[in-house]
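K.L.:
Below are the structure tokens for one structure; questions will follow.
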Amino acid sequence: MNSQDFEFVAQLLRKRAGIVLTGDKMYLLESRLAPLARKEGLPSIDDLIHVVRSRREERLIAQVVDVMTTNETYFFRDKTPFLNLREAIFPQLAQARRGSRIRIWCAACSTGQEAYSIAMMLDQDTSLTGGVPVEIVGTDISDRCLERARQGLFTQFEVQRGLPIQMLMHYFTQQDDHWRISERMRQMVTFKKQNLIDAQYGLGQFDIVFCRNVLTYFDGPTKGDVLGRIAGTMNSGGFLILGATETTSGISQAFEPAQDRRGLYKLAERSVQAA
């Protein structure tokens with residue numbers, strides 16, 4: 001792949017998904033585009049990029065963006081966010097939202113493991129929200145990932161990553177060499193398509209937003225824009241959960257870090273007043 005082709009794809013990814021791809025990631029580009037070229041019956045990556053350049057076919061452009069988005073996820077990934085849910089978030093919201101409901105948004109949910117982890121956690125301990133009903137919404141840019149999430153069908157490898165055996169046996173049914181999560185769990189989560197760099201989201205208001213290991217792929221201005229739009233979707237007293245290495249510090253004043261809670265942020269009151 002020559003530098004002009006790399007720059008073309010890099011600009012395409014930045015425009016469509018906000019992903020910043022630096023020159024040292026050419027190996028990543030080649031490793032992910034090669035299977036797509038074969039799938040399309042094209043001899044090489046160069047031919048694939050030529051077709052994308054010349055035809056500007058939306059279907060193929062969407063597939064290029066899809067294969068370049070990182071879909072790394074697993075059940076109960078990093079125990080800290082779920083501990084924060086149990087110890088810090090749900091106790092507060094159970095009181096604050098009494099008589100209403102708690103809405104949770106899993107942004108960039110990939111194939112759904114995070115959203116289903118929350119659903120299983122709530123089902124295991126119904127006292128966590130004090131009887132307040134919970135709605136879980138998972139969104140992603142990838143149609144392929146969303147379809148898998150809706151099906152709730154996972155490989156043996158996927159269910160072995162972070163999922164306790166007791167939960168596997170209780171909530172999943174084996175189908176050939178895959179495992180399908182129960183219909184009851186699937187009904188607890190709604191999956192929708194959403195690009196985080198879109199100007200508007202149209203998903204309603206939320207009390208808890210998971211946006212883990214996503215901001216790291218954006219440049220500074222895009223991070224600030226995305227955090228600002230997320231803040232606009234949140235109710236007063238809402239919580240934002242980021243990845244372990246991510247922060248809002250120096251990027252957005254819409255959130256304040258929760259004391260002694262890694263990766264947990266509260267919506268700043270001034271953000272609510274500004275809205």
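By order of appearance in the structure tokens: chains A, B, ..., then residues from 1 within every chain, and ligands from 1 in the order shown.
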I want to know what sits within 9 Å of Met185 (chain A), based on only C-alpha atoms, with residues of the same chain fewer than 6 positions away left out; could you give that as a PDB file with N, CA and C atoms, in the first residue's frame?
P.N.:
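Saved file result_4.pdb follows:
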ATOM      1  N   TYR A 116     -25.175  -6.823  28.084  1.00  0.00           N
ATOM      2  CA  TYR A 116     -25.709  -8.048  28.662  1.00  0.00           C
ATOM      3  C   TYR A 116     -25.125  -8.312  30.055  1.00  0.00           C
ATOM      4  N   ALA A 119     -27.258  -6.376  32.341  1.00  0.00           N
ATOM      5  CA  ALA A 119     -28.564  -7.030  32.471  1.00  0.00           C
ATOM      6  C   ALA A 119     -28.492  -8.216  33.427  1.00  0.00           C
ATOM      7  N   MET A 120     -27.456  -9.033  33.279  1.00  0.00           N
ATOM      8  CA  MET A 120     -27.310 -10.196  34.163  1.00  0.00           C
ATOM      9  C   MET A 120     -27.050  -9.764  35.599  1.00  0.00           C
ATOM     10  N   ASP A 123     -30.299  -8.747  37.066  1.00  0.00           N
ATOM     11  CA  ASP A 123     -31.163  -9.902  37.274  1.00  0.00           C
ATOM     12  C   ASP A 123     -30.704 -10.731  38.466  1.00  0.00           C
ATOM     13  N   GLY A 152     -27.630 -12.329  20.271  1.00  0.00           N
ATOM     14  CA  GLY A 152     -27.153 -12.836  21.554  1.00  0.00           C
ATOM     15  C   GLY A 152     -26.445 -14.165  21.433  1.00  0.00           C
ATOM     16  N   TYR A 171     -27.786 -18.496  32.191  1.00  0.00           N
ATOM     17  CA  TYR A 171     -28.359 -17.558  31.229  1.00  0.00           C
ATOM     18  C   TYR A 171     -28.175 -17.954  29.760  1.00  0.00           C
TER      19      TYR A 171
END
K.L.:
What's the 12 Å shell around Met68 (chain A), counting only C-alpha atoms, without same-chain residues fewer than 6 positions away, as a PDB file with C-alpha atoms, in the first residue's frame?
P.N.:
ATOM      1  CA  VAL A   9      -8.285   5.527   3.902  1.00  0.00           C
ATOM      2  CA  ALA A  10      -7.125   7.490   6.957  1.00  0.00           C
ATOM      3  CA  LEU A  12     -12.147   8.306   5.144  1.00  0.00           C
ATOM      4  CA  LEU A  13     -12.008   6.844   8.649  1.00  0.00           C
ATOM      5  CA  ARG A  14     -11.624  10.250  10.265  1.00  0.00           C
ATOM      6  CA  ARG A  16     -16.906   8.681   8.818  1.00  0.00           C
ATOM      7  CA  ALA A  17     -16.011   7.491  12.335  1.00  0.00           C
ATOM      8  CA  GLY A  18     -13.694  10.064  13.916  1.00  0.00           C
ATOM      9  CA  ILE A  19     -10.900   7.473  14.041  1.00  0.00           C
ATOM     10  CA  VAL A  20      -7.382   8.875  13.900  1.00  0.00           C
ATOM     11  CA  LEU A  21      -5.058   6.508  12.041  1.00  0.00           C
ATOM     12  CA  LYS A  25      -0.683   1.786  11.816  1.00  0.00           C
ATOM     13  CA  MET A  26      -0.259   0.765   8.171  1.00  0.00           C
ATOM     14  CA  TYR A  27       0.191  -2.854   9.269  1.00  0.00           C
ATOM     15  CA  LEU A  28      -3.203  -2.680  11.000  1.00  0.00           C
ATOM     16  CA  LEU A  29      -4.828  -1.273   7.900  1.00  0.00           C
ATOM     17  CA  GLU A  30      -3.368  -3.987   5.700  1.00  0.00           C
ATOM     18  CA  SER A  31      -4.264  -6.835   8.070  1.00  0.00           C
ATOM     19  CA  ARG A  32      -7.915  -5.768   8.246  1.00  0.00           C
ATOM     20  CA  LEU A  33      -8.460  -4.783   4.627  1.00  0.00           C
ATOM     21  CA  ALA A  34      -6.903  -7.928   3.144  1.00  0.00           C
ATOM     22  CA  PRO A  35      -9.785 -10.214   4.224  1.00  0.00           C
ATOM     23  CA  LEU A  36     -12.302  -7.669   2.917  1.00  0.00           C
ATOM     24  CA  ILE A  61     -17.244   2.298   2.174  1.00  0.00           C
ATOM     25  CA  ALA A  62     -19.349   1.164   5.136  1.00  0.00           C
ATOM     26  CA  ILE A 141     -21.600   2.148  14.328  1.00  0.00           C
ATOM     27  CA  SER A 142     -21.327  -1.397  12.978  1.00  0.00           C
ATOM     28  CA  TYR A 217      -9.339   6.565  18.999  1.00  0.00           C
TER      29      TYR A 217
END
K.L.:
Residues of region 39-145 of chain A that have any atom at most 10 Å from an atom of region 199-211 of chain A: could you tabulate them with the shortest-distance atom pair and the distance in Å to one decimal, using only C-alpha atoms, ordered by chain and increasing number, as a Markdown table?
P.N.:
| residue | atom | partner | partner_atom | distance |
| --- | --- | --- | --- | --- |
| A:Pro81 | CA | A:Phe210 | CA | 8.8 |
| A:Leu85 | CA | A:Ile208 | CA | 9.3 |
| A:Ile89 | CA | A:Ile208 | CA | 8.4 |
| A:Phe90 | CA | A:Ile208 | CA | 9.6 |
| A:Leu93 | CA | A:Asp207 | CA | 8.0 |
| A:Arg97 | CA | A:Asp207 | CA | 9.2 |
| A:Arg101 | CA | A:Asp207 | CA | 9.1 |
| A:Ile102 | CA | A:Asp207 | CA | 6.0 |
| A:Arg103 | CA | A:Phe206 | CA | 4.9 |
| A:Ile104 | CA | A:Ile208 | CA | 4.7 |
| A:Trp105 | CA | A:Val209 | CA | 4.7 |
| A:Cys106 | CA | A:Phe210 | CA | 4.7 |
| A:Ala107 | CA | A:Cys211 | CA | 5.1 |
| A:Ala108 | CA | A:Cys211 | CA | 6.8 |
| A:Cys109 | CA | A:Cys211 | CA | 8.4 |
| A:Glu114 | CA | A:Phe210 | CA | 8.8 |
| A:Ala115 | CA | A:Phe210 | CA | 9.2 |
| A:Glu135 | CA | A:Phe206 | CA | 9.3 |
| A:Ile136 | CA | A:Ile208 | CA | 9.5 |
| A:Val137 | CA | A:Leu203 | CA | 8.7 |
| A:Gly138 | CA | A:Phe210 | CA | 9.4 |
| A:Thr139 | CA | A:Leu203 | CA | 9.6 |
K.L.:
Need the shell around Asp176 (chain A): protein/DNA/RNA residues with any atom at most 12 Å away, counting only C-alpha atoms. Skip same-chain ones fewer than 4 positions apart. Format as a list in words?
P.N.:
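Skipping anything fewer than 4 positions along the chain leaves Leu153, Phe154, Thr155, Gln156 and Arg180 of chain A.
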K.L.:
Store the residues picked out above in a file with N, CA and C atoms, as a tab-separated table (two decimals), in the first residue's frame.
P.N.:
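Output saved as again37.tsv:
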chain	number	residue	atom	x	y	z
A	153	LEU	N	-25.75	-14.36	20.31
A	153	LEU	CA	-25.09	-15.63	20.03
A	153	LEU	C	-23.58	-15.43	20.10
A	154	PHE	N	-22.91	-16.22	20.94
A	154	PHE	CA	-21.50	-16.01	21.20
A	154	PHE	C	-20.72	-17.32	21.06
A	155	THR	N	-19.46	-17.19	20.69
A	155	THR	CA	-18.59	-18.36	20.54
A	155	THR	C	-18.13	-18.86	21.90
A	156	GLN	N	-17.57	-20.05	21.91
A	156	GLN	CA	-17.02	-20.61	23.14
A	156	GLN	C	-15.94	-19.70	23.71
A	180	ARG	N	-26.18	-19.14	23.18
A	180	ARG	CA	-27.14	-18.06	23.01
A	180	ARG	C	-27.67	-17.61	24.37
K.L.:
Which residue, A:Gly162, A:Arg55, A:Arg38, A:Gln175, has the smallest gap to Lys79 (chain A) when you use only C-alpha atoms?
P.N.:
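Of the candidates, the smallest distance to Lys79 (chain A) is held by A:Gly162.
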K.L.:
Could you list, with a cut-off of 10 Å and counting only C-alpha atoms, the residues of region 15-93 of chain A near region 241-262 of chain A, each shown with its nearest atom pair and the distance in Å rounded to one decimal, rows sorted by chain and ascending number, as CSV?
P.N.:
residue,atom,partner,partner_atom,distance
A:Arg77,CA,A:Gly243,CA,10.0
A:Asp78,CA,A:Ala244,CA,8.3
A:Thr80,CA,A:Arg262,CA,7.5
A:Pro81,CA,A:Ile241,CA,6.9
A:Phe82,CA,A:Ile241,CA,9.9
A:Leu83,CA,A:Arg261,CA,9.6
A:Asn84,CA,A:Arg261,CA,7.1
A:Leu85,CA,A:Ile241,CA,9.4
A:Ala88,CA,A:Arg261,CA,8.6
K.L.:
Those selected residues, please, written with C-alpha atoms and delivered as an mmCIF file, in the first residue's frame.
P.N.:
data_model
loop_
_atom_site.group_PDB
_atom_site.id
_atom_site.type_symbol
_atom_site.label_atom_id
_atom_site.label_comp_id
_atom_site.auth_asym_id
_atom_site.auth_seq_id
_atom_site.Cartn_x
_atom_site.Cartn_y
_atom_site.Cartn_z
ATOM 1 C CA ARG A 77 -14.622 -6.403 31.185
ATOM 2 C CA ASP A 78 -12.602 -4.694 33.927
ATOM 3 C CA THR A 80 -14.108 -1.768 38.402
ATOM 4 C CA PRO A 81 -17.043 -0.253 36.444
ATOM 5 C CA PHE A 82 -19.392 -2.961 37.683
ATOM 6 C CA LEU A 83 -18.149 -2.466 41.231
ATOM 7 C CA ASN A 84 -18.828 1.259 40.838
ATOM 8 C CA LEU A 85 -22.330 0.454 39.602
ATOM 9 C CA ALA A 88 -21.710 4.059 44.127
#
K.L.:
Quote the spacing between CA of Leu163 (chain A) and CA of Trp179 (chain A) in Å to one decimal place.
P.N.:
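Here the two named atoms are 12.0 Å from each other.
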K.L.:
Which residue, A:Val64, A:Asp47, A:Gln194, A:Thr73, has the smallest gap to Asn213 (chain A) when you use only C-alpha atoms?
P.N.:
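When distances to Asn213 (chain A) are compared using only C-alpha atoms, the smallest one comes from A:Thr73.
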K.L.:
Looking only at strand (DSSP E) from DSSP on the backbone, list the matching residues of region 14-234 of chain A as number ranges by chain.
P.N.:
A: 102-106, 134-140, 153-155, 172-175, 178-181, 189-193, 206-211, 234
K.L.:
Hey, can you spit out that residue selection with N, CA and C atoms as a short mmCIF file (atom, residue, chain, number, x, y, z; two decimals), in the first residue's frame?
P.N.:
data_model
loop_
_atom_site.label_atom_id
_atom_site.label_comp_id
_atom_site.auth_asym_id
_atom_site.auth_seq_id
_atom_site.Cartn_x
_atom_site.Cartn_y
_atom_site.Cartn_z
N ILE A 102 -34.48 4.20 35.52
CA ILE A 102 -33.05 4.45 35.28
C ILE A 102 -32.74 4.02 33.86
N ARG A 103 -32.18 4.92 33.06
CA ARG A 103 -31.81 4.59 31.69
C ARG A 103 -30.29 4.51 31.57
N ILE A 104 -29.81 3.43 30.98
CA ILE A 104 -28.38 3.18 30.82
C ILE A 104 -28.05 3.09 29.33
N TRP A 105 -27.02 3.81 28.92
CA TRP A 105 -26.56 3.78 27.53
C TRP A 105 -25.17 3.17 27.47
N CYS A 106 -25.04 2.08 26.72
CA CYS A 106 -23.72 1.50 26.43
C CYS A 106 -23.31 1.96 25.03
N VAL A 134 -35.24 -0.49 35.03
CA VAL A 134 -34.04 -0.08 34.29
C VAL A 134 -34.23 -0.38 32.81
N GLU A 135 -33.83 0.57 31.98
CA GLU A 135 -33.81 0.39 30.52
C GLU A 135 -32.36 0.47 30.05
N ILE A 136 -31.93 -0.51 29.28
CA ILE A 136 -30.56 -0.55 28.77
C ILE A 136 -30.57 -0.40 27.26
N VAL A 137 -29.81 0.56 26.75
CA VAL A 137 -29.69 0.78 25.31
C VAL A 137 -28.23 0.62 24.91
N GLY A 138 -27.97 -0.23 23.93
CA GLY A 138 -26.63 -0.39 23.39
C GLY A 138 -26.57 0.15 21.97
N THR A 139 -25.53 0.93 21.66
CA THR A 139 -25.41 1.47 20.31
C THR A 139 -24.01 1.18 19.75
N ASP A 140 -23.95 1.12 18.43
CA ASP A 140 -22.66 0.94 17.77
C ASP A 140 -22.77 1.46 16.34
N LEU A 153 -25.75 -14.36 20.31
CA LEU A 153 -25.09 -15.63 20.03
C LEU A 153 -23.58 -15.43 20.10
N PHE A 154 -22.91 -16.22 20.94
CA PHE A 154 -21.50 -16.01 21.20
C PHE A 154 -20.72 -17.32 21.06
N THR A 155 -19.46 -17.19 20.69
CA THR A 155 -18.59 -18.36 20.54
C THR A 155 -18.13 -18.86 21.90
N PHE A 172 -27.39 -18.99 29.49
CA PHE A 172 -27.08 -19.34 28.11
C PHE A 172 -27.49 -20.77 27.79
N THR A 173 -27.82 -20.99 26.53
CA THR A 173 -28.12 -22.32 26.03
C THR A 173 -27.14 -22.63 24.90
N GLN A 174 -26.54 -23.80 24.94
CA GLN A 174 -25.57 -24.15 23.90
C GLN A 174 -26.29 -24.53 22.61
N GLN A 175 -25.81 -23.96 21.50
CA GLN A 175 -26.32 -24.27 20.17
C GLN A 175 -25.14 -24.61 19.27
N HIS A 178 -21.83 -22.72 19.59
CA HIS A 178 -22.07 -21.37 20.09
C HIS A 178 -22.97 -21.44 21.34
N TRP A 179 -23.08 -20.29 22.01
CA TRP A 179 -23.95 -20.16 23.17
C TRP A 179 -24.87 -18.96 22.96
N ARG A 180 -26.18 -19.14 23.18
CA ARG A 180 -27.14 -18.06 23.01
C ARG A 180 -27.67 -17.61 24.37
N ILE A 181 -27.63 -16.32 24.60
CA ILE A 181 -28.14 -15.77 25.86
C ILE A 181 -29.66 -15.86 25.85
N VAL A 189 -32.40 -5.50 26.78
CA VAL A 189 -31.50 -4.57 26.08
C VAL A 189 -32.05 -4.25 24.69
N THR A 190 -32.01 -2.97 24.33
CA THR A 190 -32.36 -2.53 22.99
C THR A 190 -31.10 -2.07 22.28
N PHE A 191 -30.88 -2.56 21.07
CA PHE A 191 -29.69 -2.19 20.32
C PHE A 191 -30.06 -1.30 19.14
N LYS A 192 -29.32 -0.21 18.98
CA LYS A 192 -29.58 0.76 17.92
C LYS A 192 -28.26 1.20 17.27
N LYS A 193 -28.35 1.64 16.03
CA LYS A 193 -27.16 2.15 15.35
C LYS A 193 -26.96 3.61 15.72
N PHE A 206 -30.37 9.95 29.51
CA PHE A 206 -29.83 8.81 30.26
C PHE A 206 -29.34 9.23 31.63
N ASP A 207 -29.30 8.24 32.53
CA ASP A 207 -28.78 8.45 33.88
C ASP A 207 -27.36 7.90 34.02
N ILE A 208 -27.03 6.90 33.20
CA ILE A 208 -25.70 6.28 33.21
C ILE A 208 -25.26 6.08 31.77
N VAL A 209 -24.03 6.51 31.47
CA VAL A 209 -23.48 6.29 30.13
C VAL A 209 -22.15 5.56 30.25
N PHE A 210 -22.07 4.39 29.63
CA PHE A 210 -20.81 3.67 29.47
C PHE A 210 -20.22 4.09 28.13
N CYS A 211 -19.02 4.63 28.15
CA CYS A 211 -18.32 4.98 26.90
C CYS A 211 -16.86 4.61 27.09
N MET A 234 -27.65 13.54 29.12
CA MET A 234 -27.70 13.02 30.48
C MET A 234 -28.58 13.85 31.40
#
K.L.:
Of the residues A:Gln95, A:Thr233, A:Gln113, A:Thr222, which is the one nearest to Cys145 (chain A), using only C-alpha atoms?
P.N.:
A:Gln113
K.L.:
Calculated over only C-alpha atoms, which of the candidates A:Val67, A:Leu196, A:Lys223, A:Ser100 has the smallest distance to Gly130 (chain A)?
P.N.:
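The answer is A:Ser100, which sits nearest to Gly130 (chain A).
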K.L.:
Would you work out the distance separating CA of Ser44 (chain A) from CA of Asn2 (chain A), expressed in Å to one decimal?
P.N.:
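Separation of CA of Ser44 (chain A) and CA of Asn2 (chain A): 12.7 Å.
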K.L.:
Quick check for you: according to DSSP on this backbone, which residues of region 160-210 of chain A are classed as alpha helix (DSSP H)? Reply as a list of chain:residue names.
P.N.:
A:Gln160, A:Ile165, A:Gln166, A:Met167, A:Leu168, A:Met169, A:His170, A:Tyr171, A:Glu183, A:Arg184, A:Met185, A:Arg186
